[in-house]
$ cat coords-v3.txt   # compact mmCIF, N, CA and C atoms and all ligand atoms
# COMPACT_ATOMS: atom_id res chain seq x y z
N MET A 1 -14.95 9.67 -10.60
CA MET A 1 -15.95 10.16 -11.54
C MET A 1 -15.96 9.33 -12.82
N SER A 2 -15.53 8.07 -12.77
CA SER A 2 -15.52 7.26 -13.99
C SER A 2 -16.94 6.86 -14.38
N ASP A 3 -17.82 6.77 -13.36
CA ASP A 3 -19.20 6.38 -13.64
C ASP A 3 -19.98 7.62 -14.10
N ASP A 4 -20.59 7.53 -15.28
CA ASP A 4 -21.26 8.74 -15.79
C ASP A 4 -22.63 8.97 -15.15
N THR A 5 -23.10 7.97 -14.34
CA THR A 5 -24.34 8.22 -13.61
C THR A 5 -24.02 8.70 -12.19
N TYR A 6 -22.77 9.11 -11.97
CA TYR A 6 -22.36 9.54 -10.63
C TYR A 6 -23.18 10.74 -10.17
N ASP A 7 -23.65 10.62 -8.95
CA ASP A 7 -24.46 11.68 -8.36
C ASP A 7 -23.80 12.03 -7.03
N PRO A 8 -23.46 13.28 -6.79
CA PRO A 8 -22.81 13.62 -5.51
C PRO A 8 -23.69 13.27 -4.32
N ASN A 9 -24.98 13.13 -4.55
CA ASN A 9 -25.86 12.74 -3.44
C ASN A 9 -25.59 11.31 -2.97
N CYS A 10 -25.06 10.48 -3.87
CA CYS A 10 -24.81 9.08 -3.52
C CYS A 10 -23.91 8.97 -2.29
N GLU A 11 -22.92 9.83 -2.22
CA GLU A 11 -21.99 9.81 -1.11
C GLU A 11 -22.71 10.12 0.21
N ALA A 12 -23.64 11.05 0.13
CA ALA A 12 -24.40 11.44 1.33
C ALA A 12 -25.42 10.37 1.71
N ILE A 13 -25.84 9.57 0.71
CA ILE A 13 -26.88 8.57 0.96
C ILE A 13 -26.30 7.29 1.58
N ALA A 14 -25.04 6.98 1.31
CA ALA A 14 -24.43 5.72 1.78
C ALA A 14 -24.65 5.48 3.28
N PRO A 15 -24.39 6.46 4.14
CA PRO A 15 -24.65 6.20 5.58
C PRO A 15 -26.11 5.93 5.88
N LEU A 16 -27.00 6.52 5.06
CA LEU A 16 -28.43 6.29 5.31
C LEU A 16 -28.82 4.85 4.95
N ILE A 17 -28.13 4.27 3.97
CA ILE A 17 -28.43 2.88 3.60
C ILE A 17 -28.15 1.95 4.78
N SER A 18 -26.98 2.10 5.38
CA SER A 18 -26.69 1.22 6.52
C SER A 18 -27.58 1.56 7.72
N GLY A 19 -27.91 2.84 7.85
CA GLY A 19 -28.83 3.24 8.91
C GLY A 19 -30.20 2.61 8.75
N ALA A 20 -30.66 2.56 7.49
CA ALA A 20 -31.98 1.97 7.23
C ALA A 20 -31.97 0.47 7.54
N LEU A 21 -30.85 -0.20 7.20
CA LEU A 21 -30.77 -1.64 7.47
C LEU A 21 -30.74 -1.92 8.97
N ASP A 22 -30.24 -0.97 9.75
CA ASP A 22 -30.22 -1.13 11.21
C ASP A 22 -31.43 -0.51 11.89
N ASN A 23 -32.38 -0.05 11.10
CA ASN A 23 -33.60 0.60 11.63
C ASN A 23 -33.27 1.78 12.54
N GLU A 24 -32.33 2.60 12.10
CA GLU A 24 -31.90 3.72 12.94
C GLU A 24 -32.24 5.07 12.35
N LEU A 25 -33.03 5.11 11.28
CA LEU A 25 -33.29 6.38 10.61
C LEU A 25 -34.52 7.07 11.18
N THR A 26 -34.47 8.41 11.11
CA THR A 26 -35.67 9.19 11.41
C THR A 26 -36.58 9.10 10.18
N GLN A 27 -37.81 9.52 10.35
CA GLN A 27 -38.74 9.45 9.22
C GLN A 27 -38.25 10.33 8.07
N GLN A 28 -37.67 11.47 8.41
CA GLN A 28 -37.16 12.38 7.39
C GLN A 28 -36.02 11.74 6.61
N GLN A 29 -35.10 11.09 7.34
CA GLN A 29 -33.97 10.42 6.68
C GLN A 29 -34.46 9.27 5.80
N HIS A 30 -35.49 8.59 6.29
CA HIS A 30 -36.08 7.50 5.53
C HIS A 30 -36.64 7.99 4.20
N GLN A 31 -37.35 9.10 4.26
CA GLN A 31 -37.91 9.67 3.02
C GLN A 31 -36.80 10.09 2.08
N GLN A 32 -35.77 10.71 2.64
CA GLN A 32 -34.64 11.17 1.85
C GLN A 32 -34.01 9.98 1.12
N LEU A 33 -33.80 8.90 1.87
CA LEU A 33 -33.20 7.70 1.28
C LEU A 33 -34.08 7.15 0.16
N HIS A 34 -35.38 7.02 0.42
CA HIS A 34 -36.23 6.38 -0.58
C HIS A 34 -36.44 7.25 -1.81
N LEU A 35 -36.39 8.57 -1.63
CA LEU A 35 -36.44 9.45 -2.81
C LEU A 35 -35.20 9.22 -3.67
N HIS A 36 -34.05 9.09 -3.01
CA HIS A 36 -32.81 8.88 -3.76
C HIS A 36 -32.81 7.50 -4.41
N LEU A 37 -33.24 6.48 -3.66
CA LEU A 37 -33.24 5.11 -4.22
C LEU A 37 -34.15 5.02 -5.43
N ALA A 38 -35.26 5.75 -5.40
CA ALA A 38 -36.20 5.71 -6.53
C ALA A 38 -35.56 6.31 -7.78
N ALA A 39 -34.65 7.25 -7.57
CA ALA A 39 -34.05 7.94 -8.71
C ALA A 39 -32.70 7.35 -9.11
N CYS A 40 -32.04 6.60 -8.21
CA CYS A 40 -30.67 6.16 -8.45
C CYS A 40 -30.60 4.64 -8.46
N ALA A 41 -30.36 4.08 -9.65
CA ALA A 41 -30.32 2.62 -9.80
C ALA A 41 -29.13 2.03 -9.06
N LYS A 42 -28.02 2.75 -9.06
CA LYS A 42 -26.80 2.23 -8.42
C LYS A 42 -27.02 2.03 -6.92
N CYS A 43 -27.51 3.07 -6.25
CA CYS A 43 -27.73 2.98 -4.80
C CYS A 43 -28.86 2.00 -4.48
N SER A 44 -29.85 1.95 -5.35
CA SER A 44 -30.95 1.03 -5.15
C SER A 44 -30.44 -0.42 -5.17
N LYS A 45 -29.52 -0.68 -6.10
CA LYS A 45 -28.95 -2.03 -6.20
C LYS A 45 -28.13 -2.36 -4.94
N VAL A 46 -27.32 -1.38 -4.49
CA VAL A 46 -26.52 -1.57 -3.27
C VAL A 46 -27.45 -1.87 -2.09
N TYR A 47 -28.52 -1.09 -2.01
CA TYR A 47 -29.46 -1.27 -0.90
C TYR A 47 -30.07 -2.66 -0.93
N GLN A 48 -30.50 -3.10 -2.12
CA GLN A 48 -31.12 -4.43 -2.22
C GLN A 48 -30.14 -5.55 -1.89
N GLU A 49 -28.90 -5.39 -2.36
CA GLU A 49 -27.90 -6.43 -2.08
C GLU A 49 -27.60 -6.52 -0.59
N LEU A 50 -27.40 -5.35 0.04
CA LEU A 50 -27.11 -5.36 1.47
C LEU A 50 -28.30 -5.89 2.27
N SER A 51 -29.48 -5.53 1.84
CA SER A 51 -30.69 -5.97 2.53
C SER A 51 -30.83 -7.49 2.46
N ALA A 52 -30.56 -8.06 1.26
CA ALA A 52 -30.65 -9.51 1.09
C ALA A 52 -29.59 -10.22 1.92
N LEU A 53 -28.37 -9.66 1.92
CA LEU A 53 -27.27 -10.25 2.69
C LEU A 53 -27.61 -10.24 4.18
N ARG A 54 -28.15 -9.13 4.62
CA ARG A 54 -28.52 -9.00 6.03
C ARG A 54 -29.60 -10.02 6.41
N GLY A 55 -30.58 -10.20 5.51
CA GLY A 55 -31.63 -11.18 5.75
C GLY A 55 -31.07 -12.59 5.89
N THR A 56 -30.12 -12.93 4.99
CA THR A 56 -29.50 -14.26 5.03
C THR A 56 -28.75 -14.46 6.33
N LEU A 57 -27.96 -13.45 6.71
CA LEU A 57 -27.18 -13.56 7.95
C LEU A 57 -28.09 -13.70 9.16
N LYS A 58 -29.17 -12.91 9.15
CA LYS A 58 -30.08 -12.92 10.28
C LYS A 58 -30.76 -14.29 10.42
N ALA A 59 -31.21 -14.84 9.28
CA ALA A 59 -31.88 -16.14 9.30
C ALA A 59 -30.93 -17.21 9.79
N ASP A 60 -29.68 -17.17 9.32
CA ASP A 60 -28.69 -18.16 9.73
C ASP A 60 -28.40 -18.03 11.22
N PHE A 61 -28.26 -16.80 11.69
CA PHE A 61 -27.98 -16.56 13.11
C PHE A 61 -29.13 -17.08 13.98
N THR A 62 -30.37 -16.76 13.58
CA THR A 62 -31.53 -17.20 14.35
C THR A 62 -31.59 -18.72 14.41
N HIS A 63 -31.34 -19.36 13.25
CA HIS A 63 -31.37 -20.83 13.19
C HIS A 63 -30.34 -21.43 14.15
N ARG A 64 -29.13 -20.87 14.12
CA ARG A 64 -28.08 -21.38 15.01
C ARG A 64 -28.45 -21.17 16.47
N GLN A 65 -29.01 -20.01 16.77
CA GLN A 65 -29.41 -19.72 18.15
C GLN A 65 -30.44 -20.73 18.63
N GLN A 66 -31.43 -21.01 17.77
CA GLN A 66 -32.48 -21.95 18.16
C GLN A 66 -31.92 -23.34 18.37
N GLN A 67 -31.01 -23.76 17.49
CA GLN A 67 -30.40 -25.09 17.65
C GLN A 67 -29.66 -25.18 18.96
N GLN A 68 -28.90 -24.10 19.27
CA GLN A 68 -28.13 -24.08 20.51
C GLN A 68 -29.05 -24.15 21.72
N LEU A 69 -30.16 -23.41 21.64
CA LEU A 69 -31.12 -23.37 22.73
C LEU A 69 -31.71 -24.75 22.99
N VAL A 70 -32.08 -25.46 21.91
CA VAL A 70 -32.67 -26.79 22.06
C VAL A 70 -31.66 -27.74 22.66
N THR A 71 -30.40 -27.70 22.18
CA THR A 71 -29.37 -28.58 22.70
C THR A 71 -29.15 -28.31 24.18
N GLU A 72 -29.02 -27.02 24.54
CA GLU A 72 -28.79 -26.67 25.94
C GLU A 72 -29.95 -27.10 26.83
N SER A 73 -31.18 -26.88 26.37
CA SER A 73 -32.30 -27.17 27.26
C SER A 73 -32.49 -28.68 27.43
N SER A 74 -32.22 -29.50 26.40
CA SER A 74 -32.39 -30.94 26.59
C SER A 74 -31.29 -31.48 27.51
N GLY A 75 -30.08 -30.91 27.43
CA GLY A 75 -29.02 -31.29 28.36
C GLY A 75 -29.37 -30.91 29.77
N ALA A 76 -29.91 -29.71 29.95
CA ALA A 76 -30.29 -29.23 31.28
C ALA A 76 -31.41 -30.08 31.86
N GLN A 77 -32.35 -30.51 31.01
CA GLN A 77 -33.45 -31.34 31.49
C GLN A 77 -32.93 -32.69 31.98
N ARG A 78 -31.97 -33.24 31.26
CA ARG A 78 -31.41 -34.53 31.67
C ARG A 78 -30.73 -34.38 33.04
N VAL A 79 -29.94 -33.32 33.20
CA VAL A 79 -29.27 -33.09 34.48
C VAL A 79 -30.30 -32.91 35.59
N ASN A 80 -31.36 -32.16 35.31
CA ASN A 80 -32.42 -31.96 36.29
C ASN A 80 -33.03 -33.29 36.72
N LEU A 81 -33.32 -34.13 35.74
CA LEU A 81 -33.97 -35.40 36.03
C LEU A 81 -33.08 -36.28 36.89
N ILE A 82 -31.79 -36.34 36.54
CA ILE A 82 -30.86 -37.14 37.32
C ILE A 82 -30.77 -36.60 38.75
N ALA A 83 -30.66 -35.26 38.86
CA ALA A 83 -30.56 -34.64 40.19
C ALA A 83 -31.80 -34.94 41.03
N TRP A 84 -32.98 -34.91 40.41
CA TRP A 84 -34.21 -35.21 41.15
C TRP A 84 -34.24 -36.65 41.63
N TRP A 85 -33.80 -37.57 40.79
CA TRP A 85 -33.80 -38.98 41.20
C TRP A 85 -32.81 -39.23 42.32
N VAL A 86 -31.61 -38.61 42.23
CA VAL A 86 -30.61 -38.76 43.30
C VAL A 86 -31.17 -38.21 44.61
N LEU A 87 -31.77 -37.01 44.53
CA LEU A 87 -32.37 -36.41 45.73
C LEU A 87 -33.46 -37.31 46.31
N LEU A 88 -34.29 -37.87 45.43
CA LEU A 88 -35.39 -38.72 45.88
C LEU A 88 -34.86 -39.95 46.62
N ILE A 89 -33.88 -40.60 46.01
CA ILE A 89 -33.36 -41.83 46.61
C ILE A 89 -32.66 -41.52 47.93
N CYS A 90 -31.82 -40.47 47.94
CA CYS A 90 -31.13 -40.09 49.18
C CYS A 90 -32.13 -39.66 50.25
N GLY A 91 -33.16 -38.94 49.84
CA GLY A 91 -34.18 -38.51 50.79
C GLY A 91 -34.88 -39.69 51.43
N LEU A 92 -35.21 -40.69 50.62
CA LEU A 92 -35.87 -41.88 51.15
C LEU A 92 -34.97 -42.62 52.13
N ILE A 93 -33.69 -42.78 51.75
CA ILE A 93 -32.76 -43.48 52.64
C ILE A 93 -32.63 -42.74 53.97
N LEU A 94 -32.45 -41.41 53.88
CA LEU A 94 -32.33 -40.61 55.10
C LEU A 94 -33.59 -40.69 55.95
N ALA A 95 -34.74 -40.62 55.30
CA ALA A 95 -36.00 -40.65 56.04
C ALA A 95 -36.15 -41.98 56.79
N VAL A 96 -35.92 -43.08 56.08
CA VAL A 96 -36.07 -44.40 56.70
C VAL A 96 -35.05 -44.56 57.83
N ALA A 97 -33.78 -44.18 57.55
CA ALA A 97 -32.74 -44.32 58.57
C ALA A 97 -33.04 -43.44 59.78
N GLY A 98 -33.52 -42.23 59.51
CA GLY A 98 -33.84 -41.31 60.60
C GLY A 98 -34.95 -41.84 61.46
N VAL A 99 -36.01 -42.33 60.84
CA VAL A 99 -37.15 -42.84 61.60
C VAL A 99 -36.74 -44.07 62.42
N VAL A 100 -36.01 -44.99 61.79
CA VAL A 100 -35.60 -46.21 62.50
C VAL A 100 -34.72 -45.87 63.69
N SER A 101 -33.69 -45.00 63.47
CA SER A 101 -32.78 -44.71 64.58
C SER A 101 -33.49 -43.88 65.66
N PHE A 102 -34.42 -43.03 65.25
CA PHE A 102 -35.14 -42.22 66.22
C PHE A 102 -36.06 -43.08 67.09
N TRP A 103 -36.76 -44.02 66.43
CA TRP A 103 -37.71 -44.86 67.18
C TRP A 103 -37.01 -45.86 68.08
N PHE A 104 -35.90 -46.42 67.57
CA PHE A 104 -35.28 -47.52 68.33
C PHE A 104 -34.00 -47.10 69.03
N GLY A 105 -33.44 -45.94 68.70
CA GLY A 105 -32.14 -45.57 69.27
C GLY A 105 -32.20 -44.42 70.26
N SER A 106 -33.35 -43.86 70.50
CA SER A 106 -33.39 -42.74 71.46
C SER A 106 -34.43 -43.02 72.53
N ASP A 107 -34.26 -42.37 73.69
CA ASP A 107 -35.22 -42.58 74.78
C ASP A 107 -36.13 -41.37 74.95
N SER A 108 -36.44 -40.68 73.83
CA SER A 108 -37.41 -39.58 73.89
C SER A 108 -38.79 -40.15 74.17
N PRO A 109 -39.69 -39.31 74.69
CA PRO A 109 -41.06 -39.80 74.92
C PRO A 109 -41.75 -40.18 73.61
N VAL A 110 -42.72 -41.09 73.70
CA VAL A 110 -43.38 -41.62 72.50
C VAL A 110 -44.08 -40.51 71.73
N TRP A 111 -44.73 -39.56 72.45
CA TRP A 111 -45.44 -38.50 71.72
C TRP A 111 -44.50 -37.69 70.84
N LEU A 112 -43.23 -37.46 71.34
CA LEU A 112 -42.24 -36.71 70.56
C LEU A 112 -41.84 -37.52 69.32
N LYS A 113 -41.68 -38.84 69.51
CA LYS A 113 -41.34 -39.70 68.37
C LYS A 113 -42.42 -39.63 67.31
N VAL A 114 -43.70 -39.68 67.74
CA VAL A 114 -44.82 -39.65 66.79
C VAL A 114 -44.84 -38.31 66.05
N VAL A 115 -44.72 -37.20 66.80
CA VAL A 115 -44.78 -35.87 66.17
C VAL A 115 -43.62 -35.69 65.19
N MET A 116 -42.40 -36.06 65.61
CA MET A 116 -41.24 -35.91 64.73
C MET A 116 -41.38 -36.77 63.47
N SER A 117 -41.92 -37.96 63.62
CA SER A 117 -42.14 -38.83 62.46
C SER A 117 -43.15 -38.22 61.51
N LEU A 118 -44.23 -37.63 62.08
CA LEU A 118 -45.25 -37.00 61.24
C LEU A 118 -44.65 -35.82 60.46
N VAL A 119 -43.83 -35.02 61.14
CA VAL A 119 -43.17 -33.90 60.45
C VAL A 119 -42.30 -34.42 59.31
N GLY A 120 -41.54 -35.46 59.60
CA GLY A 120 -40.67 -36.03 58.57
C GLY A 120 -41.45 -36.55 57.38
N PHE A 121 -42.54 -37.28 57.66
CA PHE A 121 -43.32 -37.83 56.54
C PHE A 121 -44.04 -36.72 55.77
N SER A 122 -44.45 -35.65 56.47
CA SER A 122 -45.09 -34.53 55.77
C SER A 122 -44.10 -33.87 54.82
N LEU A 123 -42.88 -33.67 55.28
CA LEU A 123 -41.86 -33.08 54.40
C LEU A 123 -41.61 -33.98 53.19
N LEU A 124 -41.54 -35.29 53.45
CA LEU A 124 -41.32 -36.23 52.36
C LEU A 124 -42.49 -36.19 51.38
N ALA A 125 -43.73 -36.10 51.91
CA ALA A 125 -44.90 -36.04 51.03
C ALA A 125 -44.86 -34.78 50.18
N LEU A 126 -44.49 -33.64 50.78
CA LEU A 126 -44.38 -32.39 50.02
C LEU A 126 -43.33 -32.53 48.92
N PHE A 127 -42.19 -33.10 49.27
CA PHE A 127 -41.11 -33.29 48.31
C PHE A 127 -41.58 -34.16 47.14
N LEU A 128 -42.25 -35.28 47.46
CA LEU A 128 -42.72 -36.18 46.40
C LEU A 128 -43.76 -35.49 45.53
N ASN A 129 -44.59 -34.66 46.15
CA ASN A 129 -45.62 -33.95 45.38
C ASN A 129 -44.99 -32.99 44.38
N VAL A 130 -43.99 -32.25 44.84
CA VAL A 130 -43.28 -31.32 43.94
C VAL A 130 -42.62 -32.11 42.81
N LEU A 131 -42.00 -33.23 43.16
CA LEU A 131 -41.34 -34.05 42.15
C LEU A 131 -42.35 -34.54 41.12
N LYS A 132 -43.51 -35.02 41.60
CA LYS A 132 -44.55 -35.50 40.70
C LYS A 132 -45.01 -34.40 39.75
N GLN A 133 -45.23 -33.21 40.30
CA GLN A 133 -45.66 -32.08 39.47
C GLN A 133 -44.62 -31.74 38.42
N ARG A 134 -43.36 -31.78 38.82
CA ARG A 134 -42.29 -31.45 37.87
C ARG A 134 -42.23 -32.48 36.75
N LEU A 135 -42.38 -33.75 37.10
CA LEU A 135 -42.32 -34.80 36.08
C LEU A 135 -43.52 -34.69 35.14
N GLN A 136 -44.70 -34.41 35.71
CA GLN A 136 -45.88 -34.24 34.86
C GLN A 136 -45.70 -33.05 33.93
N HIS A 137 -45.15 -31.96 34.48
CA HIS A 137 -44.91 -30.77 33.66
C HIS A 137 -43.93 -31.09 32.53
N ALA A 138 -42.87 -31.84 32.87
CA ALA A 138 -41.87 -32.18 31.85
C ALA A 138 -42.49 -33.04 30.75
N LYS A 139 -43.42 -33.94 31.13
CA LYS A 139 -44.06 -34.80 30.12
C LYS A 139 -45.02 -34.02 29.25
N SER A 140 -45.75 -33.06 29.85
CA SER A 140 -46.77 -32.34 29.08
C SER A 140 -46.22 -31.07 28.44
N ASP A 141 -44.94 -30.77 28.65
CA ASP A 141 -44.35 -29.58 28.06
C ASP A 141 -44.31 -29.73 26.54
N PRO A 142 -45.02 -28.86 25.79
CA PRO A 142 -45.08 -29.03 24.35
C PRO A 142 -43.75 -28.78 23.65
N TYR A 143 -42.76 -28.19 24.35
CA TYR A 143 -41.51 -27.83 23.67
C TYR A 143 -40.43 -28.89 23.85
N THR A 144 -40.68 -29.94 24.67
CA THR A 144 -39.62 -30.90 24.89
C THR A 144 -39.30 -31.72 23.64
N LYS A 145 -40.30 -31.91 22.77
CA LYS A 145 -40.05 -32.73 21.59
C LYS A 145 -39.83 -31.91 20.33
N VAL A 146 -39.67 -30.59 20.48
CA VAL A 146 -39.42 -29.75 19.32
C VAL A 146 -38.02 -30.03 18.79
N LYS A 147 -37.95 -30.39 17.53
CA LYS A 147 -36.65 -30.58 16.89
C LYS A 147 -36.56 -29.66 15.69
N LEU A 148 -35.42 -29.03 15.54
CA LEU A 148 -35.26 -28.08 14.43
C LEU A 148 -34.31 -28.65 13.39
ZN ZN B 1 -27.19 7.06 -5.58
$ encode --input "coords-v3.txt" --output "structure tokens"
Amino acid sequence: MSDDTYDPNCEAIAPLISGALDNELTQQQHQQLHLHLAACAKCSKVYQELSALRGTLKADFTHRQQQQLVTESSGAQRVNLIAWWVLLICGLILAVAGVVSFWFGSDSPVWLKVVMSLVGFSLLALFLNVLKQRLQHAKSDPYTKVKL
């Protein structure tokens, strides 16, 4: 009781201040808090200080989160690109080797060789098409060059 502006209501209001900062108050509690803050300079100051501190922490946290997100996504994109190129090159080697060994190394009928080759080339064409779409998407993605 050293403070001569001491109000016993201040003690009851303290939990409401933190509740308000966490957006956890009912409308009635909100009114109660703001009536007290309007009348009590001490609690009003505490509320403003905590509110400002919370804003600073929140802004800093958001900034860090965004930086982390950008770093992670550019790393993931690089891994994706490398994986696609490795798949493409291995797919081409397998396709060529498969076609050559199938045509010259087996005694299946010619019609089977033609059909199997067509299936293989169709799969390769589908694969290349997906790859092309992914690369185009990566180039036109407006967020790839965002730097914070
Ligand atoms: Zn107060």
$ closest_residue --input "coords-v3.txt" --among "A:Pro15, A:Lys42, A:Val96, A:Leu35" --to "ligand ZN 1 (chain B)" --atoms "all atoms listed in the file"
A:Lys42
$ closest_residue --input "coords-v3.txt" --among "A:Leu53, A:Leu124, A:Val46, A:Ala20" --to "A:Gly91" --atoms "only N, CA and C atoms"
A:Leu124
$ atom_distance --input "coords-v3.txt" --atom1 "atom N of A:Ile17" --atom2 "atom CA of A:Leu33"
6.7 Å
$ closest_residue --input "coords-v3.txt" --among "A:Gln27, A:Gln77, A:Leu135, A:Ala95" --to "A:Met116" --atoms "only C-alpha atoms"
A:Ala95
$ select_by_dssp --input "coords-v3.txt" --residues "chain A" --states "alpha helix (DSSP H)" --output "PyMOL selection string"
chain A and resi 8-21+27-39+41-105+110-140
$ residues_near_ligand --input "coords-v3.txt" --ligand "ligand ZN 1 (chain B)" --cutoff "6 Å" --atoms "all atoms listed in the file" --output "VMD selection string"
chain A and resid 9 to 10 36 40 to 44
$ atom_distance --input "coords-v3.txt" --atom1 "atom N of A:Ala97" --atom2 "atom N of A:Gln133"
23.4 Å
$ atom_distance --input "coords-v3.txt" --atom1 "atom C of A:Cys90" --atom2 "atom C of A:Leu123"
11.4 Å
$ residues_around --input "coords-v3.txt" --residues "A:Leu131" --least-positions-apart "3" --cutoff "10 Å" --atoms "only C-alpha atoms" --output "ChimeraX atom specification"
/A:81,84-85,87-88,125-128,134-137
$ write_last_selection --input "coords-v3.txt" --atoms "N, CA and C atoms" --output "PDB file, in the coordinates of the input"
ATOM      1  N   LEU A  81     -33.320 -34.130  35.740  1.00  0.00           N
ATOM      2  CA  LEU A  81     -33.970 -35.400  36.030  1.00  0.00           C
ATOM      3  C   LEU A  81     -33.080 -36.280  36.890  1.00  0.00           C
ATOM      4  N   TRP A  84     -32.980 -34.910  40.410  1.00  0.00           N
ATOM      5  CA  TRP A  84     -34.210 -35.210  41.150  1.00  0.00           C
ATOM      6  C   TRP A  84     -34.240 -36.650  41.630  1.00  0.00           C
ATOM      7  N   TRP A  85     -33.800 -37.570  40.790  1.00  0.00           N
ATOM      8  CA  TRP A  85     -33.800 -38.980  41.200  1.00  0.00           C
ATOM      9  C   TRP A  85     -32.810 -39.230  42.320  1.00  0.00           C
ATOM     10  N   LEU A  87     -31.770 -37.010  44.530  1.00  0.00           N
ATOM     11  CA  LEU A  87     -32.370 -36.410  45.730  1.00  0.00           C
ATOM     12  C   LEU A  87     -33.460 -37.310  46.310  1.00  0.00           C
ATOM     13  N   LEU A  88     -34.290 -37.870  45.430  1.00  0.00           N
ATOM     14  CA  LEU A  88     -35.390 -38.720  45.880  1.00  0.00           C
ATOM     15  C   LEU A  88     -34.860 -39.950  46.620  1.00  0.00           C
ATOM     16  N   ALA A 125     -43.730 -36.100  51.910  1.00  0.00           N
ATOM     17  CA  ALA A 125     -44.900 -36.040  51.030  1.00  0.00           C
ATOM     18  C   ALA A 125     -44.860 -34.780  50.180  1.00  0.00           C
ATOM     19  N   LEU A 126     -44.490 -33.640  50.780  1.00  0.00           N
ATOM     20  CA  LEU A 126     -44.380 -32.390  50.020  1.00  0.00           C
ATOM     21  C   LEU A 126     -43.330 -32.530  48.920  1.00  0.00           C
ATOM     22  N   PHE A 127     -42.190 -33.100  49.270  1.00  0.00           N
ATOM     23  CA  PHE A 127     -41.110 -33.290  48.310  1.00  0.00           C
ATOM     24  C   PHE A 127     -41.580 -34.160  47.140  1.00  0.00           C
ATOM     25  N   LEU A 128     -42.250 -35.280  47.460  1.00  0.00           N
ATOM     26  CA  LEU A 128     -42.720 -36.180  46.400  1.00  0.00           C
ATOM     27  C   LEU A 128     -43.760 -35.490  45.530  1.00  0.00           C
ATOM     28  N   ARG A 134     -43.360 -31.780  38.820  1.00  0.00           N
ATOM     29  CA  ARG A 134     -42.290 -31.450  37.870  1.00  0.00           C
ATOM     30  C   ARG A 134     -42.230 -32.480  36.750  1.00  0.00           C
ATOM     31  N   LEU A 135     -42.380 -33.750  37.100  1.00  0.00           N
ATOM     32  CA  LEU A 135     -42.320 -34.800  36.080  1.00  0.00           C
ATOM     33  C   LEU A 135     -43.520 -34.690  35.140  1.00  0.00           C
ATOM     34  N   GLN A 136     -44.700 -34.410  35.710  1.00  0.00           N
ATOM     35  CA  GLN A 136     -45.880 -34.240  34.860  1.00  0.00           C
ATOM     36  C   GLN A 136     -45.700 -33.050  33.930  1.00  0.00           C
ATOM     37  N   HIS A 137     -45.150 -31.960  34.480  1.00  0.00           N
ATOM     38  CA  HIS A 137     -44.910 -30.770  33.660  1.00  0.00           C
ATOM     39  C   HIS A 137     -43.930 -31.090  32.530  1.00  0.00           C
TER      40      HIS A 137
END
$ axis_aligned_box --input "coords-v3.txt" --around "stretch 125-137 of chain A" --padding-each-side "4 Å" --output "AutoDock Vina command-line options"
--center_x -43.5 --center_y -33.5 --center_z 42.2 --size_x 12.8 --size_y 13.4 --size_z 27.4
